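Undergrad: Below: one structure in structure tokens.
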Amino acid sequence: MSSRSTISALSPQTWPFSLKWLPPSAYLVGGAVRDALLDRASDYFDLDFVLPENAVGTARELARQYDAGFVLLDPQRQIARVVFETGTVDFAQQEGETLEIDLYRRDFTTNAIAYNPHTETFYDPLDGRRDLQRRCLRMVARDNLKDDPLRLLRAYRQAAQLGFTLEPDTDAAIRQFAPLLGKVAAERVHS
């Protein structure tokens, strides 16, 4: 068990950088929020933030301020990573005009919970916290799985790691789209 608090992803005091470097519109999303709500500990930070604008600029400035590593992961979609000794922090430009649109493009409801560290509030339009309580992995939308078949494998991995069951419609969609996995590059499947 980690000596760090199990909700450290939601506690800016435990991050390797100050909250003051994040704009008020930044939301923590994805596995870090999910795992913190499940009280799962980790010794390594893997934080993902969504920003409505200037995601790469925010990452670049944070790396400069802390003399940390900076990697531009996807210039088209405006995604960058800051690498600290204790973990990584990714910054992505919000997809769509609102945070809700961005969350509706994600894979599973449990990964579509957003947390604003400035206001200490959650934004959960897809009821992901209810699915966490039910210990159920539910897709956001069938097309989201179809558009990125690697998410099919991710469903099984996450369900196994978390001890969750697959919601029946999600399981059916995964089975239907399984042939699409043959079109995914082997390197992506391996990683």
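Simple scheme: letters A, B, ... for chains in structure tokens order, numbers from 1 for residues in each chain, numbers from 1 for ligands in the order shown.
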Go through range 76-151 of chain A residue by residue and, counting only C-alpha atoms, keep those with an atom at most 10 Å from range 21-44 of chain A; for each kept residue give the shortest atom pair and its distance in Å to one decimal, ordered by chain and increasing number, as a Markdown table.
TA:
```
| residue | atom | partner | partner_atom | distance |
| --- | --- | --- | --- | --- |
| A:Phe84 | CA | A:Tyr44 | CA | 9.9 |
| A:Glu85 | CA | A:Tyr44 | CA | 9.0 |
| A:Thr86 | CA | A:Tyr44 | CA | 5.6 |
| A:Gly87 | CA | A:Tyr44 | CA | 5.1 |
| A:Thr88 | CA | A:Tyr44 | CA | 8.1 |
| A:Val89 | CA | A:Leu28 | CA | 10.0 |
| A:Asp90 | CA | A:Leu28 | CA | 9.7 |
| A:Phe91 | CA | A:Ala26 | CA | 9.0 |
| A:Ala92 | CA | A:Ala26 | CA | 9.8 |
| A:Gln93 | CA | A:Ala26 | CA | 9.9 |
| A:Gln94 | CA | A:Ala26 | CA | 9.6 |
| A:Leu99 | CA | A:Tyr27 | CA | 8.7 |
| A:Leu103 | CA | A:Val29 | CA | 8.8 |
| A:Arg106 | CA | A:Gly30 | CA | 8.8 |
| A:Asp107 | CA | A:Gly30 | CA | 9.7 |
| A:Phe108 | CA | A:Gly30 | CA | 9.4 |
| A:Thr109 | CA | A:Gly30 | CA | 9.5 |
| A:Thr110 | CA | A:Arg34 | CA | 6.1 |
| A:Asn111 | CA | A:Gly30 | CA | 4.4 |
| A:Ala112 | CA | A:Gly30 | CA | 6.1 |
| A:Ile113 | CA | A:Val29 | CA | 6.0 |
| A:Ala114 | CA | A:Val29 | CA | 4.7 |
| A:Tyr115 | CA | A:Leu28 | CA | 5.0 |
| A:Asn116 | CA | A:Tyr27 | CA | 4.7 |
| A:Pro117 | CA | A:Tyr27 | CA | 7.1 |
| A:His118 | CA | A:Pro24 | CA | 6.1 |
| A:Thr119 | CA | A:Pro24 | CA | 8.3 |
| A:Thr121 | CA | A:Tyr27 | CA | 9.6 |
| A:Phe122 | CA | A:Tyr27 | CA | 9.0 |
| A:Tyr123 | CA | A:Tyr27 | CA | 9.0 |
| A:Gly128 | CA | A:Arg34 | CA | 8.6 |
| A:Arg129 | CA | A:Leu37 | CA | 8.0 |
| A:Leu132 | CA | A:Leu38 | CA | 7.3 |
| A:Gln133 | CA | A:Leu38 | CA | 8.6 |
| A:Arg135 | CA | A:Leu38 | CA | 9.6 |
```
Undergrad: Please give the complete set of residues from range 34-160 of chain A that DSSP, run on the backbone, assigns to strand (DSSP E), formatted as an MDAnalysis selection string.
TA: chainID A and resid 45:51 69:74 79:84 87:93 114:116 121:123 136:137
Undergrad: Taking only range 50-183 of chain A into account, list the residues labelled alpha helix (DSSP H) by DSSP (computed from the backbone), as an MDAnalysis selection string.
TA: chainID A and resid 55:66 99:103 128:134 142:147 150:162 168:177
Undergrad: Can you work out which one of A:Asp143, A:Asp171, A:Asp127, A:Glu95 has the shortest atom-to-atom distance to Ala155 in chain A, counting only C-alpha atoms?
TA: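 Among A:Asp143, A:Asp171, A:Asp127, A:Glu95, it is A:Asp171 that comes nearest to Ala155 in chain A.
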